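Worksheet: one structure, shown below.
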Amino acid sequence: MLDKKSLKQNKGFKIQLKKRLLKSFCKDNVGEYGRIRQLSKDNRGNYSIIISAILIISFLILSIALLNSSLEENESNKDAISSNQIQYIMEDYKRNLPIIEREALEELSEYVITNRRASLDSRNDLKKIIDNKLSEKNEEYYENYNIQIQSSIVGIENTSDPFSYKFKSYISSVKGDFSYEEIAESNVNCYNLKDPVPVLFCGDDWSFRINDSDANRQSVFYGKSLSRFLEKHNVENYSFYENASSPFIIKRCPYDPYKHHGDDNGKIMKNCRENNYYHESADGACYLCRLEGKCGCEHYGFETFINPQDTNETGRVSACGADHVIFSDDIYPGVEVIYSSADGMNEILYLDPHGHKVKYGMSGF
Ligand SMILES: [Zn+2]
Ligand SMILES: [Zn+2]
């Protein structure tokens with residue numbers, strides 16, 4: 001049996017036990033809470049490390065991208081400068097082409113006339129002369145600009161203007177990583193060049209000469225050469241071309257349309273003949289074919305007239321005086337056309353009545 005005292009003690013003991021348990025529970029709980037706080041504190045540290053790392057990596061990636069693009073831009077600027085440079089050099093180079101081509105035309109013409117030897121293939125001869133000059137020019141450009149240029153003529157064509165020729169050249173060049181390629185075209189005219197035709201047909205005769213008081217007004221004086229040539233070709237009245245003369249330097253007649261040559265009582269024709277002009281003609285040879293000793297060709301060409309010496313006789317007939325007729329294998333006759341008279345002497349041409357007389361407006365003469 002428990003007495004009151006022991007019951008009291010027991011009760012006290014239980015209370016103490018409860019208090020102790022409560023204390024220890026509280027203590028434990030406080031520890032747990034702290035751990036949770038500690039844990040979340042640790043996690044926060046981890047998060048900031050991760051975020052910082054992400055930020056740093058992003059920054060690095062961004063920097064690399066920026067650096068790359070600025071390098072690329074730099075490179076493409078460099079490329080643009082280099083390609084502009086090559087473009088500029090080649091534009092400069094191309095300015096030489098028509099000059100070289102014209103020089104070549106003049107050189108071939110001088111060669112043909114001096115040696116009285118027709119070119120067998122004027123286009124091919126021109127190509128050879130020009131290609132040589134181009135390779136010299138290319139060396140010059142290599143020395144000056146360190147650029148490798150290759151160029152050569154790929155075509156020489158007639159144009160709708162019979163005094164002008166289209167020269168086509170293939171150009172390619174390399175400078176560093178850059179290359180350039182083009183078919184360049186230039187128009188070259190034959191103005192002020194010498195006409196090879198009279199020299200090639202009559203130049204071997206001792207009486208043939210070039211009157212050269214002034215280089216730009218040079219003309220051909222045939223002496224007996226042309227009449228002998230016509231005699232050989234069984235032309236009647238060949239002697240009417242003794243001491244004839246004709247133009248030598250290629251100049252285009254400004255009196256266009258040509259039918260106006262008869263205007264002003266023949267004064268236009270007189271002026272045309274005194275100035276030694278040439279006229280467009282489908283029958284006359286182009287300059288490139290003249291260099292080959294042809295007076296007519298399949299190209300659209302030009303013609304001039306042979307002026308017989310002044311005469312006091314009228315109504316005569318001889319070979320038609322257009323150069324492509326007189327030097328052809330098919331010489332046809334022309335009637336005397338008096339375009340100027342003074343002191344009983346007439347300046348004349350022999351022209352076919354239905355062809356050249358009409359073309360030049362001389363039908364009434
Ligand atoms: Zn004329
Ligand atoms: Zn021709």
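Residues in the structure tokens are named by chain (A, B, ... in the order shown) and by number from 1 within that chain; ligands are numbered from 1 in the order shown.
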Can you pull out every residue within 9 Å of stretch 91-106 of chain A, counting only C-alpha atoms, but drop anything in the same chain fewer than 5 positions away, and send it as a PyMOL selection string?
chain A and resi 86+111+126-127+129-130+133-134+137-138+141+167+169+171+184-190+193-194+288
Given only C-alpha atoms and all ligand atoms, how would the per-residue table for chain A near ligand 1 read, listing every residue at most 10 Å away with its closest atom pair and distance in Å to one decimal, sorted by chain and number, as JSON lines?
```
{"residue": "A:Lys251", "atom": "CA", "partner": "ligand 1", "partner_atom_place_in_ligand_line": "1 (Zn)", "distance": 9.7}
{"residue": "A:Arg252", "atom": "CA", "partner": "ligand 1", "partner_atom_place_in_ligand_line": "1 (Zn)", "distance": 7.8}
{"residue": "A:Cys253", "atom": "CA", "partner": "ligand 1", "partner_atom_place_in_ligand_line": "1 (Zn)", "distance": 4.5}
{"residue": "A:Pro254", "atom": "CA", "partner": "ligand 1", "partner_atom_place_in_ligand_line": "1 (Zn)", "distance": 6.8}
{"residue": "A:Tyr255", "atom": "CA", "partner": "ligand 1", "partner_atom_place_in_ligand_line": "1 (Zn)", "distance": 5.6}
{"residue": "A:Asp256", "atom": "CA", "partner": "ligand 1", "partner_atom_place_in_ligand_line": "1 (Zn)", "distance": 7.7}
{"residue": "A:Pro257", "atom": "CA", "partner": "ligand 1", "partner_atom_place_in_ligand_line": "1 (Zn)", "distance": 9.3}
{"residue": "A:Tyr258", "atom": "CA", "partner": "ligand 1", "partner_atom_place_in_ligand_line": "1 (Zn)", "distance": 6.6}
{"residue": "A:Lys259", "atom": "CA", "partner": "ligand 1", "partner_atom_place_in_ligand_line": "1 (Zn)", "distance": 9.3}
{"residue": "A:His260", "atom": "CA", "partner": "ligand 1", "partner_atom_place_in_ligand_line": "1 (Zn)", "distance": 8.9}
{"residue": "A:His261", "atom": "CA", "partner": "ligand 1", "partner_atom_place_in_ligand_line": "1 (Zn)", "distance": 6.5}
{"residue": "A:Ile268", "atom": "CA", "partner": "ligand 1", "partner_atom_place_in_ligand_line": "1 (Zn)", "distance": 7.6}
{"residue": "A:Met269", "atom": "CA", "partner": "ligand 1", "partner_atom_place_in_ligand_line": "1 (Zn)", "distance": 6.3}
{"residue": "A:Lys270", "atom": "CA", "partner": "ligand 1", "partner_atom_place_in_ligand_line": "1 (Zn)", "distance": 8.8}
{"residue": "A:Asn271", "atom": "CA", "partner": "ligand 1", "partner_atom_place_in_ligand_line": "1 (Zn)", "distance": 7.9}
{"residue": "A:Cys272", "atom": "CA", "partner": "ligand 1", "partner_atom_place_in_ligand_line": "1 (Zn)", "distance": 4.4}
{"residue": "A:Arg273", "atom": "CA", "partner": "ligand 1", "partner_atom_place_in_ligand_line": "1 (Zn)", "distance": 6.9}
{"residue": "A:Glu274", "atom": "CA", "partner": "ligand 1", "partner_atom_place_in_ligand_line": "1 (Zn)", "distance": 9.6}
{"residue": "A:Asn275", "atom": "CA", "partner": "ligand 1", "partner_atom_place_in_ligand_line": "1 (Zn)", "distance": 8.5}
{"residue": "A:Asn276", "atom": "CA", "partner": "ligand 1", "partner_atom_place_in_ligand_line": "1 (Zn)", "distance": 8.1}
{"residue": "A:Tyr277", "atom": "CA", "partner": "ligand 1", "partner_atom_place_in_ligand_line": "1 (Zn)", "distance": 5.5}
{"residue": "A:Tyr278", "atom": "CA", "partner": "ligand 1", "partner_atom_place_in_ligand_line": "1 (Zn)", "distance": 6.4}
{"residue": "A:His279", "atom": "CA", "partner": "ligand 1", "partner_atom_place_in_ligand_line": "1 (Zn)", "distance": 6.2}
{"residue": "A:Glu280", "atom": "CA", "partner": "ligand 1", "partner_atom_place_in_ligand_line": "1 (Zn)", "distance": 9.6}
{"residue": "A:Glu303", "atom": "CA", "partner": "ligand 1", "partner_atom_place_in_ligand_line": "1 (Zn)", "distance": 9.7}
{"residue": "A:Thr304", "atom": "CA", "partner": "ligand 1", "partner_atom_place_in_ligand_line": "1 (Zn)", "distance": 8.1}
{"residue": "A:Phe305", "atom": "CA", "partner": "ligand 1", "partner_atom_place_in_ligand_line": "1 (Zn)", "distance": 9.2}
{"residue": "A:Tyr360", "atom": "CA", "partner": "ligand 1", "partner_atom_place_in_ligand_line": "1 (Zn)", "distance": 8.0}
```
Same residues, C-alpha atoms, output as a PDB file, in the first residue's frame:
```
ATOM      1  CA  LYS A 251      40.296  60.948-142.494  1.00  0.00           C
ATOM      2  CA  ARG A 252      36.528  60.655-142.408  1.00  0.00           C
ATOM      3  CA  CYS A 253      34.622  62.974-144.724  1.00  0.00           C
ATOM      4  CA  PRO A 254      32.411  65.286-142.668  1.00  0.00           C
ATOM      5  CA  TYR A 255      30.023  65.943-145.590  1.00  0.00           C
ATOM      6  CA  ASP A 256      27.455  63.403-144.521  1.00  0.00           C
ATOM      7  CA  PRO A 257      24.933  62.578-146.022  1.00  0.00           C
ATOM      8  CA  TYR A 258      27.225  62.176-149.001  1.00  0.00           C
ATOM      9  CA  LYS A 259      24.659  63.282-151.565  1.00  0.00           C
ATOM     10  CA  HIS A 260      25.543  66.847-150.558  1.00  0.00           C
ATOM     11  CA  HIS A 261      28.913  66.598-152.306  1.00  0.00           C
ATOM     12  CA  ILE A 268      31.666  70.556-151.429  1.00  0.00           C
ATOM     13  CA  MET A 269      33.229  67.874-153.644  1.00  0.00           C
ATOM     14  CA  LYS A 270      36.170  70.182-154.354  1.00  0.00           C
ATOM     15  CA  ASN A 271      36.684  70.711-150.629  1.00  0.00           C
ATOM     16  CA  CYS A 272      36.350  66.982-149.960  1.00  0.00           C
ATOM     17  CA  ARG A 273      39.030  66.157-152.563  1.00  0.00           C
ATOM     18  CA  GLU A 274      41.373  68.877-151.360  1.00  0.00           C
ATOM     19  CA  ASN A 275      41.141  67.511-147.839  1.00  0.00           C
ATOM     20  CA  ASN A 276      41.717  63.919-148.946  1.00  0.00           C
ATOM     21  CA  TYR A 277      38.684  62.494-147.177  1.00  0.00           C
ATOM     22  CA  TYR A 278      37.475  58.882-146.999  1.00  0.00           C
ATOM     23  CA  HIS A 279      33.828  57.760-147.040  1.00  0.00           C
ATOM     24  CA  GLU A 280      31.910  54.875-145.538  1.00  0.00           C
ATOM     25  CA  GLU A 303      36.417  54.274-149.982  1.00  0.00           C
ATOM     26  CA  THR A 304      38.181  57.252-151.414  1.00  0.00           C
ATOM     27  CA  PHE A 305      38.733  58.564-154.925  1.00  0.00           C
ATOM     28  CA  TYR A 360      27.634  61.613-153.955  1.00  0.00           C
TER      29      TYR A 360
END
```
May I have the residues within 12 Å of ligand 2, computed using only C-alpha atoms and all ligand atoms, as a ChimeraX atom specification?
/A:121-123,156-159,162-165,281-303,324
Out of stretch 112-351 of chain A, which residues get helix (DSSP H, G or I) from DSSP, as JSON, numbers by chain?
{"A": [112, 113, 114, 115, 122, 123, 124, 125, 126, 127, 128, 129, 130, 131, 132, 133, 134, 135, 136, 137, 138, 139, 140, 141, 142, 143, 144, 145, 196, 197, 198, 199, 200, 201, 202, 215, 216, 217, 225, 226, 227, 228, 229, 230, 231, 232, 238, 239, 240, 241, 258, 259, 260, 261, 262, 264, 265, 266, 267, 268, 269, 270, 271, 272, 273, 274, 287, 288, 289, 290, 323, 324, 325, 326]}
Write out as a list in words each polymer residue whose atoms come within 12 Å of A:His354, counting only C-alpha atoms; drop sequence neighbours fewer than 6 positions from it.
Cys320, Tyr332, Pro333, Gly334, Val335, Tyr360, Gly361, Met362, Ser363 and Gly364 of chain A
Between A:Asp79, A:Glu242, A:Glu139, A:Asp131, which residue has the minimum interatomic distance to A:Val154, considering only C-alpha atoms?
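Among the listed residues, A:Asp131 lies closest to A:Val154.
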So, counting only C-alpha atoms, which residue among A:Asn132, A:Ser179, A:Asn146, A:Asn265 is closest to A:Tyr339?
A:Asn265
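Atom pair atom CA of A:Gly262 / atom CA of A:Phe365 has a distance of 8.0 Å (rounded to one decimal).
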One-decimal distance in Å that lies between atom CA of A:Ile64 and atom CA of A:Asn84:
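Going from atom CA of A:Asn84 over to atom CA of A:Ile64 covers 29.6 Å.
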Å distance separating atom CA of A:Ser225 from atom CA of A:Gly315, one decimal place
23.9 Å
Given only C-alpha atoms as the counted atoms, nearest of A:Tyr191, A:Tyr88, A:Phe221, A:Phe229 to A:Ser328:
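Looking only at the distances to A:Ser328, the closest residue turns out to be A:Phe229.
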With a distance cut-off of 6 Å and only C-alpha atoms, select the neighbouring residues of A:Phe248, excluding the residue or stretch itself and same-chain residues fewer than 2 positions from it, and output the selection as a list in words.
Lys194, Asp195, Gln218, Ser219 and Val220 of chain A
Check the DSSP output for the backbone and give back, as a ChimeraX atom specification, the residues of stretch 170-338 of chain A in strand (DSSP E or B).
/A:170-175,178-189,194,209-211,219-221,245-247,249,252,278-281,301-303,305,307,311,317-319,322,333-338
